[in-house]
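Each remark here refers to the structure printed beneath this line.
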Amino acid sequence: TAGPAEAGARIVSAALTLRPLVLLTPSLAAAVELPRRLASTGRALAGVYPMKPLDLARALAEPVLLGQGLLPWTSGHDALLASRLLAESGEAGLRLPEGTPRTPVAAALARTLTALRRGGIAPEQLATLVAGAPPGSDDARRLASLKRLYRDFHGALEGRTADPATLFAAAREGLSRARWLEGAEVLVADDLELDVVEVEFVAALAAALPVGVLRRALPPSLRPASFRGRLAARGVAEVDWSDTPLAPLAPPPLPATIARLREGLFEESRGSALE
């Protein structure tokens, strides 16, 4: 049987067991400021991981991708790749006016191609759009050019580069291997601007761990298509500040008139019209 010292050590160990908290924030500034403000209240702060969704995805994806020999994804990589694809394809039939600067065209094209990839769009899906355009029309020509460029863009990245789409896919796989997240809960600190692959990642988090979003007032007509509405459809509920470790940072209640304005700003007007 265990002696008093050993039994006491087990009790202390259990009392000090921490439940990790992953704090998803919309910006690096929020990831720094929220823990700082929480620590300033005088409470002990440990086991808190403030990070943006991409930072969390990178931490989960690295063990999965280790040894695959993928090229790094750096700032401007997409624009350089788009510029190269334009040059190699003779502008892919876009018929740009003579003298058009290539750098801004490549940057705009890169944003479009990246949005398609992070939107989970397969190159084959663009073929449906091309087939639906009037034959011989400008739309058909432009869509055919986009289909060709996106096929080559996607092919240059898939299985070759650790771009965000690859990281989020690997992060979903790496969730079950992340021992440091055992017993953790995830708290979304504010509305996040998520694309499709990020929403799928947060949905995977919610399937594996308790995930909540800090509650805030929102007009009912905006809620279904909002960030919160999209997550609610995936089973992620809103939680009150008082029910989270961020309770000391809860904002003061709004005056009734301001709360009513926030909640009804985009709603149908009520009452009789003024003459």
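If you're wondering about the labels, chains in the structure tokens are A, B, ... by order shown, residues count from 1 in each chain, ligands from 1 in order shown.
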
Exercise for the section: Mind checking which residues fall within 9 Å of A:Pro50, counting only C-alpha atoms, ignoring those fewer than 3 positions away in the same chain, and posting them as a PyMOL selection string? Expected result: chain A and resi 21-25+28+30-32+34-35+56

Selection to disk with all heavy atoms, as a compact mmCIF listing (two decimals), in the first residue's frame:
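Resulting contents of result_20.txt:
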# COMPACT_ATOMS: atom_id res chain seq x y z
N LEU A 21 -5.96 24.95 -22.98
CA LEU A 21 -6.94 25.80 -23.66
C LEU A 21 -6.30 26.35 -24.92
O LEU A 21 -5.29 27.05 -24.86
CB LEU A 21 -7.37 26.96 -22.76
CG LEU A 21 -8.24 28.03 -23.42
CD1 LEU A 21 -9.60 27.46 -23.80
CD2 LEU A 21 -8.41 29.25 -22.51
N VAL A 22 -6.87 26.00 -26.07
CA VAL A 22 -6.43 26.55 -27.34
C VAL A 22 -7.32 27.74 -27.65
O VAL A 22 -8.54 27.61 -27.77
CB VAL A 22 -6.52 25.51 -28.48
CG1 VAL A 22 -6.13 26.14 -29.81
CG2 VAL A 22 -5.62 24.32 -28.17
N LEU A 23 -6.71 28.91 -27.73
CA LEU A 23 -7.45 30.14 -27.95
C LEU A 23 -7.25 30.57 -29.41
O LEU A 23 -6.18 31.02 -29.79
CB LEU A 23 -6.92 31.21 -26.99
CG LEU A 23 -7.72 32.50 -26.84
CD1 LEU A 23 -9.13 32.22 -26.35
CD2 LEU A 23 -7.00 33.44 -25.88
N LEU A 24 -8.28 30.37 -30.23
CA LEU A 24 -8.18 30.75 -31.64
C LEU A 24 -8.53 32.22 -31.79
O LEU A 24 -9.61 32.66 -31.38
CB LEU A 24 -9.12 29.90 -32.49
CG LEU A 24 -8.72 28.44 -32.73
CD1 LEU A 24 -9.70 27.77 -33.70
CD2 LEU A 24 -7.30 28.33 -33.27
N THR A 25 -7.63 32.98 -32.38
CA THR A 25 -7.80 34.42 -32.50
C THR A 25 -7.74 34.83 -33.97
O THR A 25 -7.16 34.13 -34.81
CB THR A 25 -6.69 35.17 -31.74
OG1 THR A 25 -5.42 34.88 -32.35
CG2 THR A 25 -6.65 34.74 -30.28
N LEU A 28 -2.57 38.01 -34.94
CA LEU A 28 -1.43 37.83 -34.04
C LEU A 28 -1.51 38.79 -32.87
O LEU A 28 -1.16 38.44 -31.73
CB LEU A 28 -0.13 38.03 -34.82
CG LEU A 28 1.17 37.89 -34.02
CD1 LEU A 28 1.27 36.51 -33.39
CD2 LEU A 28 2.38 38.18 -34.91
N ALA A 30 -4.16 39.88 -31.35
CA ALA A 30 -5.10 39.34 -30.36
C ALA A 30 -4.49 38.16 -29.61
O ALA A 30 -4.73 37.99 -28.41
CB ALA A 30 -6.39 38.91 -31.06
N ALA A 31 -3.69 37.36 -30.31
CA ALA A 31 -3.04 36.21 -29.67
C ALA A 31 -2.06 36.66 -28.59
O ALA A 31 -1.83 35.95 -27.61
CB ALA A 31 -2.32 35.37 -30.71
N VAL A 32 -1.49 37.84 -28.75
CA VAL A 32 -0.57 38.38 -27.75
C VAL A 32 -1.33 39.11 -26.65
O VAL A 32 -1.03 38.98 -25.45
CB VAL A 32 0.45 39.33 -28.42
CG1 VAL A 32 1.30 40.03 -27.37
CG2 VAL A 32 1.34 38.56 -29.39
N LEU A 34 -4.67 39.07 -25.57
CA LEU A 34 -5.62 38.42 -24.68
C LEU A 34 -4.93 37.72 -23.50
O LEU A 34 -5.33 37.93 -22.34
CB LEU A 34 -6.48 37.43 -25.46
CG LEU A 34 -7.60 38.06 -26.31
CD1 LEU A 34 -8.29 37.01 -27.16
CD2 LEU A 34 -8.61 38.78 -25.43
N PRO A 35 -3.88 36.91 -23.71
CA PRO A 35 -3.19 36.33 -22.54
C PRO A 35 -2.56 37.40 -21.65
O PRO A 35 -2.53 37.24 -20.42
CB PRO A 35 -2.13 35.43 -23.17
CG PRO A 35 -2.65 35.11 -24.53
CD PRO A 35 -3.37 36.36 -24.97
N LEU A 56 -2.18 26.99 -35.66
CA LEU A 56 -2.55 25.70 -35.06
C LEU A 56 -2.45 24.59 -36.10
O LEU A 56 -1.95 23.50 -35.80
CB LEU A 56 -3.97 25.79 -34.50
CG LEU A 56 -4.54 24.48 -33.93
CD1 LEU A 56 -3.66 23.95 -32.81
CD2 LEU A 56 -5.97 24.70 -33.44

Problem - Members of stretch 9-258 of chain A assigned strand (DSSP E) by DSSP, as a PyMOL selection string - result: chain A and resi 21-24+48-51+185-188+211-214+237-239

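If only C-alpha atoms are the atoms counted, then among A:Ala206, A:Leu94, A:Leu192, A:Val197 the closest residue to A:Ser226 is A:Leu192.
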
Handout entry: Sel. of alpha helix (DSSP H) residues, stretch 47-250 of chain A, as a PyMOL selection string
Key = chain A and resi 53-65+77-88+102-118+123-132+138-157+164-174+196-208+227-232

Handout entry: 12 Å contact set for stretch 254-259 of chain A, only C-alpha atoms, chain neighbours under 6 positions out, as a VMD selection string
Key = chain A and resid 216 to 219 265

Handout entry: Selection: 12 Å around A:Ile121, only C-alpha atoms, excl. self and same-chain fewer than 2 positions, as a PyMOL selection string
Key = chain A and resi 112-119+123-128+147+150-151+154+165+195-197

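Residue nearest A:Ala170, chosen from A:Ala189, A:Leu54, A:Leu194, A:Ala131 and counting only C-alpha atoms: A:Leu54.
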
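Our summary of the geometry notes that atom CA of A:Trp241 is positioned 6.2 Å from atom CA of A:Leu214.
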
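Proximity to A:Leu65 was assessed for A:Ala162, A:Leu85, A:Ala29, A:Met51 counting only C-alpha atoms; the smallest distance is recorded for A:Ala162.
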
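When only C-alpha atoms are used to measure the gap to A:Ser27, the shortest distance among A:Gly120, A:Pro53, A:Gly67, A:Gly155 belongs to A:Pro53.
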